[in-house]
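*Asks:* Data file query.cif (mmCIF, C-alpha atoms and all ligand atoms) is appended below.
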data_run
#
loop_
_atom_site.label_atom_id
_atom_site.label_comp_id
_atom_site.auth_asym_id
_atom_site.auth_seq_id
_atom_site.Cartn_x
_atom_site.Cartn_y
_atom_site.Cartn_z
CA MET Z 1 39.09 18.59 -47.27
CA SER Z 2 42.09 19.92 -45.38
CA MET Z 3 42.38 19.34 -41.65
CA GLY Z 4 42.04 23.06 -41.13
CA LYS Z 5 38.67 23.10 -42.88
CA LEU Z 6 37.37 20.11 -40.90
CA GLU Z 7 38.39 21.70 -37.64
CA GLN Z 8 36.70 24.90 -38.64
CA LEU Z 9 33.42 23.18 -39.56
CA ARG Z 10 33.48 21.16 -36.35
CA GLY Z 11 34.00 24.37 -34.47
CA GLN Z 12 30.87 25.78 -36.12
CA LEU Z 13 28.90 22.65 -35.14
CA ASP Z 14 30.07 22.89 -31.55
CA SER Z 15 28.85 26.43 -31.29
CA ILE Z 16 25.50 25.54 -32.96
CA ASN Z 17 25.12 22.66 -30.48
CA ILE Z 18 25.54 25.14 -27.65
CA GLN Z 19 23.05 27.53 -29.23
CA LEU Z 20 20.58 24.65 -29.69
CA LEU Z 21 21.04 23.63 -26.07
CA GLU Z 22 20.45 27.20 -24.94
CA LEU Z 23 17.33 27.39 -27.07
CA LEU Z 24 16.09 24.02 -25.83
CA SER Z 25 16.64 25.09 -22.23
CA LYS Z 26 14.85 28.37 -22.88
CA ARG Z 27 12.01 26.40 -24.44
CA ALA Z 28 11.94 24.04 -21.45
CA HIS Z 29 11.55 26.95 -19.04
CA ILE Z 30 8.53 28.18 -21.01
CA VAL Z 31 7.18 24.60 -21.04
CA GLN Z 32 7.43 24.56 -17.23
CA GLU Z 33 5.53 27.84 -16.98
CA ILE Z 34 2.85 26.49 -19.31
CA GLY Z 35 2.67 23.36 -17.13
CA GLN Z 36 2.04 25.46 -14.03
CA GLU Z 37 -0.63 27.44 -15.82
CA LYS Z 38 -2.31 24.25 -17.06
CA GLU Z 39 -2.21 22.89 -13.52
CA LYS Z 40 -3.94 26.03 -12.23
CA GLN Z 41 -6.59 25.89 -14.92
CA GLY Z 42 -7.04 22.13 -14.57
CA VAL Z 43 -6.20 21.65 -18.26
CA PRO Z 44 -4.63 18.31 -19.33
CA LYS Z 45 -0.87 18.41 -19.96
CA PHE Z 46 -1.02 16.55 -23.24
CA ASP Z 47 -2.75 18.44 -26.02
CA PRO Z 48 -2.60 16.35 -29.22
CA VAL Z 49 -4.27 19.03 -31.37
CA ARG Z 50 -1.73 21.66 -30.35
CA GLU Z 51 1.09 19.19 -30.99
CA LYS Z 52 -0.25 18.37 -34.46
CA ASN Z 53 -0.56 22.08 -35.34
CA MET Z 54 3.00 22.77 -34.23
CA LEU Z 55 4.31 19.89 -36.32
CA GLU Z 56 2.35 21.02 -39.39
CA GLU Z 57 3.70 24.55 -39.04
CA LEU Z 58 7.27 23.25 -38.76
CA VAL Z 59 6.92 20.92 -41.74
CA SER Z 60 5.43 23.70 -43.87
CA ARG Z 61 8.53 25.80 -43.19
CA ASN Z 62 10.97 22.97 -43.76
CA ASN Z 63 13.29 23.70 -46.70
CA GLY Z 64 15.55 20.67 -46.16
CA PRO Z 65 17.98 19.11 -46.17
CA PHE Z 66 16.09 17.02 -43.55
CA ASP Z 67 12.96 15.44 -45.01
CA HIS Z 68 9.57 16.16 -43.39
CA GLU Z 69 9.48 12.82 -41.56
CA THR Z 70 12.84 13.50 -39.92
CA VAL Z 71 11.73 16.98 -38.88
CA ARG Z 72 8.57 15.49 -37.39
CA HIS Z 73 10.55 12.83 -35.56
CA LEU Z 74 13.06 15.31 -34.11
CA PHE Z 75 10.41 17.68 -32.86
CA LYS Z 76 8.26 14.87 -31.47
CA GLN Z 77 11.25 13.94 -29.31
CA ILE Z 78 11.39 17.51 -28.03
CA PHE Z 79 7.63 17.53 -27.37
CA GLN Z 80 7.81 14.25 -25.50
CA ALA Z 81 10.66 15.42 -23.29
CA SER Z 82 8.69 18.61 -22.59
CA LEU Z 83 5.55 16.71 -21.62
CA LYS Z 84 7.57 14.55 -19.25
CA LEU Z 85 9.00 17.68 -17.69
CA GLN Z 86 5.51 19.06 -17.06
CA GLN Z 87 4.26 15.78 -15.66
CA THR Z 88 7.10 15.22 -13.18
CA GLU Z 89 7.08 18.90 -12.20
CA ASN Z 90 3.44 18.80 -11.24
CA LYS Z 91 3.18 15.24 -10.01
CA LYS Z 92 1.76 15.60 -6.57
CA GLN Z 93 3.95 13.92 -4.01
CA LEU Z 94 1.73 11.78 -1.86
CA LEU Z 95 1.83 12.37 1.88
CA VAL Z 96 2.36 8.62 2.31
CA SER Z 97 5.39 8.67 0.00
CA ARG Z 98 8.97 8.30 1.11
CA LYS Z 99 9.75 11.41 -0.96
CA LYS Z 100 7.50 13.45 1.30
CA GLN Z 101 8.72 11.91 4.56
CA LYS Z 102 12.11 10.21 4.87
CA GLU Z 103 11.67 8.77 8.39
CA ASN Z 104 9.52 5.71 9.02
CA THR Z 105 6.10 6.30 10.51
CA VAL Z 106 6.02 4.51 13.84
CA VAL Z 107 2.66 3.57 15.34
CA PRO Z 108 2.72 3.38 19.14
CA LEU Z 109 0.36 0.90 20.76
CA GLY Z 110 0.82 1.17 24.50
CA ASP Z 111 4.22 -0.30 25.34
CA ILE Z 112 4.93 -1.52 21.83
CA THR Z 113 5.43 0.17 18.49
CA ILE Z 114 4.74 -0.98 14.96
CA GLY Z 115 7.23 0.16 12.33
CA GLY Z 116 9.87 1.03 14.90
CA GLY Z 117 12.34 -1.64 13.81
CA LYS Z 118 11.14 -4.53 15.94
CA PRO Z 119 8.72 -6.68 13.94
CA LEU Z 120 5.80 -8.34 15.68
CA ILE Z 121 3.27 -11.12 15.23
CA ILE Z 122 -0.42 -10.22 15.39
CA ALA Z 123 -2.65 -13.22 16.00
CA GLY Z 124 -6.20 -14.15 16.81
CA PRO Z 125 -9.30 -15.74 15.40
CA CYS Z 126 -10.81 -14.93 12.02
CA SER Z 127 -14.10 -14.08 13.76
CA VAL Z 128 -15.05 -13.20 17.30
CA GLU Z 129 -17.55 -15.98 18.00
CA SER Z 130 -18.01 -15.88 21.76
CA TYR Z 131 -16.45 -14.55 24.93
CA GLU Z 132 -15.07 -18.01 25.78
CA GLN Z 133 -13.54 -18.53 22.35
CA VAL Z 134 -11.74 -15.17 22.39
CA ARG Z 135 -10.64 -15.63 25.99
CA GLN Z 136 -9.15 -19.03 25.24
CA VAL Z 137 -7.10 -17.69 22.32
CA ALA Z 138 -6.08 -14.57 24.23
CA ALA Z 139 -4.85 -16.57 27.21
CA ALA Z 140 -2.73 -18.80 24.96
CA LEU Z 141 -1.36 -15.89 22.95
CA LYS Z 142 -0.52 -13.95 26.09
CA ALA Z 143 1.34 -16.96 27.46
CA SER Z 144 3.38 -17.09 24.23
CA GLY Z 145 4.29 -13.41 24.46
CA ILE Z 146 1.94 -12.05 21.79
CA THR Z 147 0.86 -8.47 22.44
CA VAL Z 148 -1.70 -7.72 19.72
CA LEU Z 149 -4.92 -9.71 19.31
CA ARG Z 150 -7.00 -9.69 16.14
CA GLY Z 151 -10.60 -10.80 15.73
CA GLY Z 152 -13.28 -9.89 13.19
CA SER Z 153 -16.64 -8.74 14.44
CA PHE Z 154 -18.07 -7.32 11.22
CA LYS Z 155 -17.38 -10.02 8.67
CA PRO Z 156 -17.60 -9.14 4.98
CA ARG Z 157 -18.58 -12.61 3.73
CA THR Z 158 -18.94 -13.70 0.13
CA SER Z 159 -22.32 -15.25 0.87
CA PRO Z 160 -25.05 -13.39 2.74
CA TYR Z 161 -26.00 -16.75 4.30
CA ASP Z 162 -22.62 -17.12 6.04
CA PHE Z 163 -21.88 -15.91 9.57
CA GLN Z 164 -21.76 -12.12 9.44
CA GLY Z 165 -20.09 -11.50 12.80
CA LEU Z 166 -21.30 -10.39 16.22
CA GLY Z 167 -21.05 -6.67 15.40
CA ILE Z 168 -20.66 -4.26 18.30
CA GLU Z 169 -21.21 -7.14 20.73
CA GLY Z 170 -18.00 -8.71 19.39
CA LEU Z 171 -16.05 -5.47 19.90
CA LYS Z 172 -17.22 -5.47 23.51
CA ILE Z 173 -15.92 -9.04 23.94
CA LEU Z 174 -12.56 -8.04 22.47
CA LYS Z 175 -12.32 -5.09 24.81
CA GLU Z 176 -13.14 -7.11 27.88
CA VAL Z 177 -10.75 -9.94 27.08
CA ALA Z 178 -7.96 -7.58 26.00
CA SER Z 179 -8.17 -5.63 29.21
CA GLU Z 180 -8.03 -8.85 31.25
CA PHE Z 181 -4.81 -9.94 29.50
CA GLY Z 182 -3.28 -6.54 28.75
CA LEU Z 183 -3.45 -7.04 24.99
CA LYS Z 184 -3.98 -4.53 22.19
CA THR Z 185 -6.74 -5.28 19.68
CA ILE Z 186 -7.41 -5.04 15.95
CA SER Z 187 -10.82 -5.51 14.35
CA GLU Z 188 -12.37 -4.75 11.00
CA ILE Z 189 -14.91 -1.97 10.59
CA VAL Z 190 -17.03 -1.93 7.45
CA ASP Z 191 -19.40 0.98 8.00
CA PRO Z 192 -18.28 4.64 8.17
CA ALA Z 193 -20.90 5.17 10.87
CA HIS Z 194 -19.00 2.79 13.19
CA ILE Z 195 -15.54 4.31 12.78
CA GLU Z 196 -15.80 6.79 15.63
CA LEU Z 197 -17.48 4.38 17.99
CA ALA Z 198 -14.90 1.67 17.22
CA GLY Z 199 -12.18 3.78 18.85
CA SER Z 200 -13.77 3.24 22.24
CA TYR Z 201 -13.56 -0.57 21.93
CA ILE Z 202 -10.45 -1.41 19.89
CA ASP Z 203 -6.91 -0.08 19.48
CA VAL Z 204 -6.56 -0.49 15.70
CA ILE Z 205 -9.30 -0.31 13.07
CA GLN Z 206 -8.81 -2.72 10.20
CA ILE Z 207 -10.11 -1.80 6.77
CA GLY Z 208 -10.47 -5.05 4.86
CA ALA Z 209 -9.39 -6.00 1.37
CA ARG Z 210 -12.94 -5.69 0.05
CA ASN Z 211 -13.19 -2.14 1.34
CA MET Z 212 -9.77 -0.82 0.31
CA GLN Z 213 -11.43 1.49 -2.16
CA ASN Z 214 -14.54 2.24 -0.13
CA PHE Z 215 -13.72 5.91 -0.23
CA GLU Z 216 -16.36 7.03 2.28
CA LEU Z 217 -14.99 4.50 4.77
CA LEU Z 218 -11.43 5.71 4.09
CA LYS Z 219 -12.51 9.32 4.62
CA ALA Z 220 -14.21 8.43 7.91
CA ALA Z 221 -11.02 6.58 8.97
CA GLY Z 222 -9.04 9.71 8.14
CA ASP Z 223 -11.22 11.81 10.42
CA VAL Z 224 -10.46 9.86 13.61
CA ARG Z 225 -7.12 9.37 15.36
CA THR Z 226 -7.37 5.62 15.97
CA PRO Z 227 -4.57 3.78 14.08
CA ILE Z 228 -5.73 2.10 10.87
CA LEU Z 229 -4.57 -1.19 9.41
CA LEU Z 230 -5.35 -0.97 5.70
CA LYS Z 231 -5.47 -4.21 3.76
CA ARG Z 232 -4.49 -4.37 0.11
CA GLY Z 233 -7.48 -5.02 -2.14
CA MET Z 234 -7.44 -8.42 -3.79
CA ALA Z 235 -7.02 -6.85 -7.23
CA ALA Z 236 -5.37 -3.59 -6.22
CA THR Z 237 -2.11 -2.36 -7.67
CA ILE Z 238 0.50 -0.96 -5.33
CA ASP Z 239 -0.30 2.51 -6.65
CA GLU Z 240 -4.00 2.08 -5.86
CA PHE Z 241 -3.08 0.75 -2.42
CA LEU Z 242 -0.95 3.81 -1.68
CA HIS Z 243 -3.65 6.16 -2.94
CA ALA Z 244 -6.17 4.45 -0.64
CA ALA Z 245 -3.80 5.09 2.29
CA GLU Z 246 -3.47 8.69 1.08
CA TYR Z 247 -7.24 9.13 1.54
CA ILE Z 248 -6.78 8.44 5.26
CA VAL Z 249 -3.54 10.35 5.81
CA SER Z 250 -4.69 13.39 3.83
CA ARG Z 251 -7.50 13.89 6.34
CA GLY Z 252 -5.10 14.01 9.25
CA ASN Z 253 -4.91 10.43 10.51
CA THR Z 254 -1.21 9.69 10.02
CA GLN Z 255 -1.30 6.41 11.96
CA VAL Z 256 -1.79 4.13 8.99
CA MET Z 257 -0.28 0.68 8.48
CA LEU Z 258 -0.34 -1.24 5.21
CA ILE Z 259 -0.88 -4.97 5.02
CA GLU Z 260 -0.31 -7.20 2.01
CA ARG Z 261 -2.88 -10.05 2.09
CA GLY Z 262 -2.42 -11.70 -1.27
CA ILE Z 263 -3.79 -10.78 -4.67
CA ARG Z 264 -5.89 -12.72 -7.14
CA THR Z 265 -4.00 -14.48 -9.88
CA TYR Z 266 -4.59 -17.62 -11.94
CA GLU Z 267 -2.71 -19.69 -9.33
CA LYS Z 268 -4.91 -22.15 -7.51
CA ALA Z 269 -2.33 -23.74 -5.21
CA THR Z 270 -2.91 -20.93 -2.71
CA ARG Z 271 -6.08 -19.03 -1.83
CA ASN Z 272 -4.47 -15.82 -3.12
CA THR Z 273 -0.96 -15.09 -4.34
CA LEU Z 274 1.24 -13.57 -1.67
CA ASP Z 275 2.97 -10.69 -3.41
CA ILE Z 276 6.15 -10.70 -1.39
CA SER Z 277 7.72 -8.12 -3.69
CA ALA Z 278 5.09 -5.65 -2.49
CA VAL Z 279 6.87 -5.54 0.87
CA PRO Z 280 10.20 -4.00 -0.23
CA ILE Z 281 8.41 -1.88 -2.83
CA LEU Z 282 6.00 -0.44 -0.25
CA LYS Z 283 8.87 0.10 2.20
CA GLN Z 284 10.78 2.00 -0.49
CA GLU Z 285 7.84 4.01 -1.80
CA SER Z 286 6.20 4.77 1.52
CA HIS Z 287 7.20 5.55 5.11
CA LEU Z 288 4.21 3.66 6.54
CA PRO Z 289 4.66 0.34 8.39
CA VAL Z 290 4.16 -2.70 6.15
CA LEU Z 291 2.79 -6.01 7.39
CA VAL Z 292 1.90 -9.32 5.79
CA ASP Z 293 -1.18 -11.44 6.44
CA VAL Z 294 0.06 -14.96 5.85
CA THR Z 295 -3.31 -16.59 6.53
CA HIS Z 296 -5.50 -14.87 3.94
CA SER Z 297 -2.74 -14.65 1.34
CA THR Z 298 -1.94 -18.35 1.33
CA GLY Z 299 -5.03 -19.98 2.82
CA ARG Z 300 -2.72 -22.86 3.71
CA LYS Z 301 -1.60 -23.80 7.19
CA ASP Z 302 1.36 -25.84 5.92
CA ILE Z 303 3.25 -22.88 4.45
CA LEU Z 304 2.53 -20.16 7.00
CA ALA Z 305 5.94 -20.29 8.70
CA PRO Z 306 8.08 -20.07 5.54
CA CYS Z 307 5.85 -17.28 4.21
CA ALA Z 308 6.11 -15.39 7.50
CA LYS Z 309 9.89 -15.74 7.40
CA ALA Z 310 9.94 -14.56 3.79
CA ALA Z 311 7.84 -11.52 4.76
CA LEU Z 312 10.17 -10.62 7.63
CA ALA Z 313 13.26 -11.22 5.49
CA ALA Z 314 11.78 -8.88 2.88
CA GLY Z 315 11.48 -6.16 5.52
CA ALA Z 316 7.94 -6.50 6.87
CA ASP Z 317 7.22 -4.79 10.18
CA GLY Z 318 4.89 -7.55 11.24
CA VAL Z 319 2.96 -10.66 10.31
CA MET Z 320 -0.68 -11.42 10.91
CA VAL Z 321 -1.94 -14.97 11.43
CA GLU Z 322 -5.29 -16.48 12.38
CA VAL Z 323 -5.57 -18.69 15.45
CA HIS Z 324 -8.68 -20.47 16.73
CA PRO Z 325 -9.06 -22.83 19.72
CA ASP Z 326 -10.88 -25.37 17.52
CA PRO Z 327 -10.53 -24.43 13.83
CA ALA Z 328 -12.77 -27.29 12.66
CA THR Z 329 -15.77 -25.63 14.32
CA ALA Z 330 -14.85 -22.04 13.34
CA LEU Z 331 -17.67 -19.95 11.91
CA SER Z 332 -15.36 -18.54 9.21
CA ASP Z 333 -12.09 -19.62 7.57
CA ALA Z 334 -12.20 -23.03 9.29
CA ALA Z 335 -9.68 -24.55 6.88
CA GLN Z 336 -6.89 -22.07 7.33
CA GLN Z 337 -6.79 -21.14 11.01
CA LEU Z 338 -4.12 -22.59 13.27
CA ASN Z 339 -5.06 -24.22 16.54
CA ILE Z 340 -3.13 -23.16 19.61
CA ASP Z 341 -0.48 -25.90 19.41
CA GLU Z 342 0.01 -25.26 15.72
CA PHE Z 343 0.38 -21.56 16.46
CA ASN Z 344 3.01 -22.22 19.09
CA ARG Z 345 5.00 -24.35 16.63
CA PHE Z 346 4.60 -21.68 13.96
CA TYR Z 347 5.77 -18.96 16.35
CA ALA Z 348 8.75 -21.00 17.55
CA GLU Z 349 9.83 -21.65 13.96
CA VAL Z 350 9.55 -17.99 12.99
CA LYS Z 351 11.43 -16.89 16.12
CA GLN Z 352 14.15 -19.45 15.46
CA SER Z 353 14.93 -17.69 12.19
CA GLY Z 354 16.15 -14.71 14.21
CA LEU Z 355 13.99 -12.41 12.10
CA LEU Z 356 11.68 -11.37 14.95
C1 LIG M 401 -9.68 -10.52 7.87
O1 LIG M 401 -8.51 -10.20 8.13
O2 LIG M 401 -10.47 -10.90 8.73
C2 LIG M 401 -10.18 -10.45 6.49
C3 LIG M 401 -11.45 -10.56 6.21
O3 LIG M 401 -9.20 -10.30 5.58
P1 LIG M 401 -9.24 -9.67 4.10
O4 LIG M 401 -9.96 -8.37 4.18
O5 LIG M 401 -7.78 -9.52 3.79
O6 LIG M 401 -9.91 -10.69 3.23
MN MN M 402 -10.24 -14.96 8.05
#
Would you encode the structure as structure tokens?

*Replies:*
Amino acid sequence: MSMGKLEQLRGQLDSINIQLLELLSKRAHIVQEIGQEKEKQGVPKFDPVREKNMLEELVSRNNGPFDHETVRHLFKQIFQASLKLQQTENKKQLLVSRKKQKENTVVPLGDITIGGGKPLIIAGPCSVESYEQVRQVAAALKASGITVLRGGSFKPRTSPYDFQGLGIEGLKILKEVASEFGLKTISEIVDPAHIELAGSYIDVIQIGARNMQNFELLKAAGDVRTPILLKRGMAATIDEFLHAAEYIVSRGNTQVMLIERGIRTYEKATRNTLDISAVPILKQESHLPVLVDVTHSTGRKDILAPCAKAALAAGADGVMVEVHPDPATALSDAAQQLNIDEFNRFYAEVKQSGLL
């Protein structure tokens, strides 16, 4: 074959490539229109029967030189690329996603903010047990410079025979003590019927790991304007976690904070497995503040400080830790709560890292 002939044939191929590209692009535009129509009609994007019929039609018209299998393979590639186009086109961007909102959501709590670039430590007992117990912790935390006090009053316990919390009475205790010391408060609510009422006692409503996909509770949390601290379910994927937050934000409550609290794995050295990688992933995927609960994730007092430092180094906006005046007598999580001296050592170590 002379060079002139080769050049000429290559020239023909180049122009066919361009024609193919034009045809593929034209096809892709139609695919997009079909995608929009399917979206409107609520029809699934992938239609295996239609795909099979198209392939059969193409194979029946195939006169070579490609064999039928090759024709099938080539067109399947086109179909796959088209399906992907429809799926990304119509993928709803979540309100909680970074794609939807570039700037960080900042949750103001009186004089402080969460998610505003200055991380904080949230501390307090696992359960509100009595006025004296909460007051003792609050006084110590205040003296150390802590501004947000946690304490559970509705306790979702594994056993129905374990302490279930003081209920509304506990919220009243939190309110009284917090106002004495000028602290902000966080407490878990488990019943949609208490969501509205909770706003008059506490500053942040916590939705616990066991309730991350309690959709009626999430909807009720979305209908108030009290900030929400949403805990990651113990077997929830990051995608499920973000969709749970979306339930709240989509109903108008934009003041949502996410908190990683450890997930269940086969590892027994810790109570749960602290998924530290969730922190940068959540920060990338979402504009909501991201915190880490070092107590429930590890269940081990001896590694709280390094885990808190890891969380802050990974970009967390805050760390939550349980503190009790006398952990040995605590009505819940006795093994993992810090006493006041231990908390002060923990706090000093975390501060020394320069990450706070
Ligand atoms: C809590 O923070 O009191 C609690 C019960 O945590 P979790 O929902 O993460 O188990
Ligand atoms: Mn606890």

*Asks:* I need the residue nearest ligand MN 402 (chain M) from this list: Z:Phe79, Z:Phe163, Z:Tyr131, Z:Phe46. Use all atoms listed in the file for the distance.

*Replies:* Z:Phe163

*Asks:* Counting all atoms listed in the file, figure out which residue out of Z:Ala209, Z:Leu95, Z:Val279, Z:Ala245 gets nearest to ligand MN 402 (chain M).

*Replies:*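 Ranking Z:Ala209, Z:Leu95, Z:Val279, Z:Ala245 by distance to ligand MN 402 (chain M), first place goes to Z:Ala209.
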
*Asks:* Please give me, as a PyMOL selection string, the residues lying within 9 Å of ligand MN 402 (chain M) when counting all atoms listed in the file.

*Replies:* chain Z and resi 125-127+151-152+155+295-296+299+321-322+332-334+336-337

*Asks:* What is the atom CA of Glu196 of chain Z-atom CA of Val224 of chain Z distance in Å, reported with one decimal?

*Replies:*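 Between atom CA of Glu196 of chain Z and atom CA of Val224 of chain Z the gap works out to 6.5 Å.
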
*Asks:* May I have the residues within 8 Å of ligand LIG 401 (chain M), computed using all atoms listed in the file, as a ChimeraX atom specification?

*Replies:* /Z:126-127,151-152,155-157,187-188,206-211,231-234,261-262,293,296-297

*Asks:* Report as a VMD selection string all protein, DNA and RNA residues lying within 8 Å of Arg98 of chain Z, evaluated on only C-alpha atoms, omitting residues in the same chain fewer than 5 positions from it.

*Replies:* chain Z and resid 103 284 to 287

*Asks:* List the neighbours of Ala198 of chain Z out to 8 Å using all atoms listed in the file; skip same-chain residues closer than 5 positions along the sequence, and give me the result as number ranges by chain.

*Replies:* Z: 171, 189, 205

*Asks:* Excluding same-chain residues fewer than 3 positions from Met320 of chain Z, what lies within 6 Å of it counting all atoms listed in the file, as a list in words?

*Replies:* Ile121, Ile122, Ala123 and Asp293 of chain Z

*Asks:* Could you check the closest approach to Met54 of chain Z for each of Z:Ala278, Z:Phe75, Z:Glu39, Z:Thr226 and tell me which residue wins, using all atoms listed in the file?

*Replies:*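 Ranking Z:Ala278, Z:Phe75, Z:Glu39, Z:Thr226 by distance to Met54 of chain Z, first place goes to Z:Phe75.
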
*Asks:* In Å to one decimal, how far is atom CA of Glu57 of chain Z from atom CA of Arg72 of chain Z?

*Replies:* 10.4 Å

*Asks:* Would you mind telling me which residue in Z:Leu85, Z:Ala314, Z:Val290, Z:Ala140 lies nearest to Glu342 of chain Z when using only C-alpha atoms?

*Replies:*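 Looking at the shortest contact to Glu342 of chain Z, the residue is Z:Ala140.
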
*Asks:* How far is it from atom CA of Ala178 of chain Z to atom CA of Ile114 of chain Z, in Å with one decimal?

*Replies:*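 Distance between the two atoms: 18.1 Å.
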
*Asks:* Around all the atoms of segment 127-132 of chain Z listed in the file, with 3 Å of room on each side, what axis-aligned box do you get, giving centre and edge lengths in Å to one decimal, as AutoDock Vina command-line options?

*Replies:*
--center_x -16.1 --center_y -15.6 --center_z 19.8 --size_x 9.9 --size_y 10.8 --size_z 18.0

*Asks:* So that I can see what lies close to Ala335 of chain Z, please list as a list of chain:residue names the residues with an atom at most 12 Å from it, counting all atoms listed in the file and leaving out residues fewer than 3 positions away in the same chain.

*Replies:* Z:Cys126, Z:Arg271, Z:Thr295, Z:His296, Z:Thr298, Z:Gly299, Z:Arg300, Z:Lys301, Z:Asp302, Z:Glu322, Z:Val323, Z:His324, Z:Asp326, Z:Pro327, Z:Ala328, Z:Thr329, Z:Ala330, Z:Leu331, Z:Ser332, Z:Leu338, Z:Asn339

*Asks:* For segment 190-206 of chain Z, where the input has fewer atoms than it should, I would like N, CA and C atoms rebuilt and written as an mmCIF file, keeping the file's coordinate frame.

*Replies:*
data_model
loop_
_atom_site.group_PDB
_atom_site.id
_atom_site.type_symbol
_atom_site.label_atom_id
_atom_site.label_comp_id
_atom_site.auth_asym_id
_atom_site.auth_seq_id
_atom_site.Cartn_x
_atom_site.Cartn_y
_atom_site.Cartn_z
ATOM 1 N N VAL Z 190 -16.586 -1.963 8.849
ATOM 2 C CA VAL Z 190 -17.030 -1.930 7.450
ATOM 3 C C VAL Z 190 -17.958 -0.746 7.138
ATOM 4 N N ASP Z 191 -18.414 -0.077 8.193
ATOM 5 C CA ASP Z 191 -19.400 0.980 8.000
ATOM 6 C C ASP Z 191 -18.828 2.306 8.523
ATOM 7 N N PRO Z 192 -18.824 3.355 7.703
ATOM 8 C CA PRO Z 192 -18.280 4.640 8.170
ATOM 9 C C PRO Z 192 -18.925 5.099 9.476
ATOM 10 N N ALA Z 193 -20.189 4.726 9.670
ATOM 11 C CA ALA Z 193 -20.900 5.170 10.870
ATOM 12 C C ALA Z 193 -20.327 4.540 12.142
ATOM 13 N N HIS Z 194 -19.568 3.449 12.008
ATOM 14 C CA HIS Z 194 -19.000 2.790 13.190
ATOM 15 C C HIS Z 194 -17.568 3.205 13.508
ATOM 16 N N ILE Z 195 -16.969 3.992 12.625
ATOM 17 C CA ILE Z 195 -15.540 4.310 12.780
ATOM 18 C C ILE Z 195 -15.262 5.025 14.105
ATOM 19 N N GLU Z 196 -16.061 6.020 14.417
ATOM 20 C CA GLU Z 196 -15.800 6.790 15.630
ATOM 21 C C GLU Z 196 -16.020 5.941 16.881
ATOM 22 N N LEU Z 197 -17.112 5.253 16.868
ATOM 23 C CA LEU Z 197 -17.480 4.380 17.990
ATOM 24 C C LEU Z 197 -16.422 3.301 18.224
ATOM 25 N N ALA Z 198 -15.865 2.776 17.128
ATOM 26 C CA ALA Z 198 -14.900 1.670 17.220
ATOM 27 C C ALA Z 198 -13.720 2.042 18.117
ATOM 28 N N GLY Z 199 -13.326 3.308 18.068
ATOM 29 C CA GLY Z 199 -12.180 3.780 18.850
ATOM 30 C C GLY Z 199 -12.357 3.573 20.343
ATOM 31 N N SER Z 200 -13.597 3.426 20.794
ATOM 32 C CA SER Z 200 -13.770 3.240 22.240
ATOM 33 C C SER Z 200 -13.706 1.749 22.615
ATOM 34 N N TYR Z 201 -13.639 0.866 21.630
ATOM 35 C CA TYR Z 201 -13.560 -0.570 21.930
ATOM 36 C C TYR Z 201 -12.219 -1.205 21.539
ATOM 37 N N ILE Z 202 -11.654 -0.733 20.418
ATOM 38 C CA ILE Z 202 -10.450 -1.410 19.890
ATOM 39 C C ILE Z 202 -9.313 -0.407 19.703
ATOM 40 N N ASP Z 203 -8.086 -0.963 19.585
ATOM 41 C CA ASP Z 203 -6.910 -0.080 19.480
ATOM 42 C C ASP Z 203 -6.549 0.226 18.035
ATOM 43 N N VAL Z 204 -6.863 -0.700 17.121
ATOM 44 C CA VAL Z 204 -6.560 -0.490 15.700
ATOM 45 C C VAL Z 204 -7.792 -0.874 14.884
ATOM 46 N N ILE Z 205 -8.176 -0.012 13.972
ATOM 47 C CA ILE Z 205 -9.300 -0.310 13.070
ATOM 48 C C ILE Z 205 -8.725 -0.927 11.794
ATOM 49 N N GLN Z 206 -9.233 -2.101 11.467
ATOM 50 C CA GLN Z 206 -8.810 -2.720 10.200
ATOM 51 C C GLN Z 206 -9.799 -2.345 9.110
#
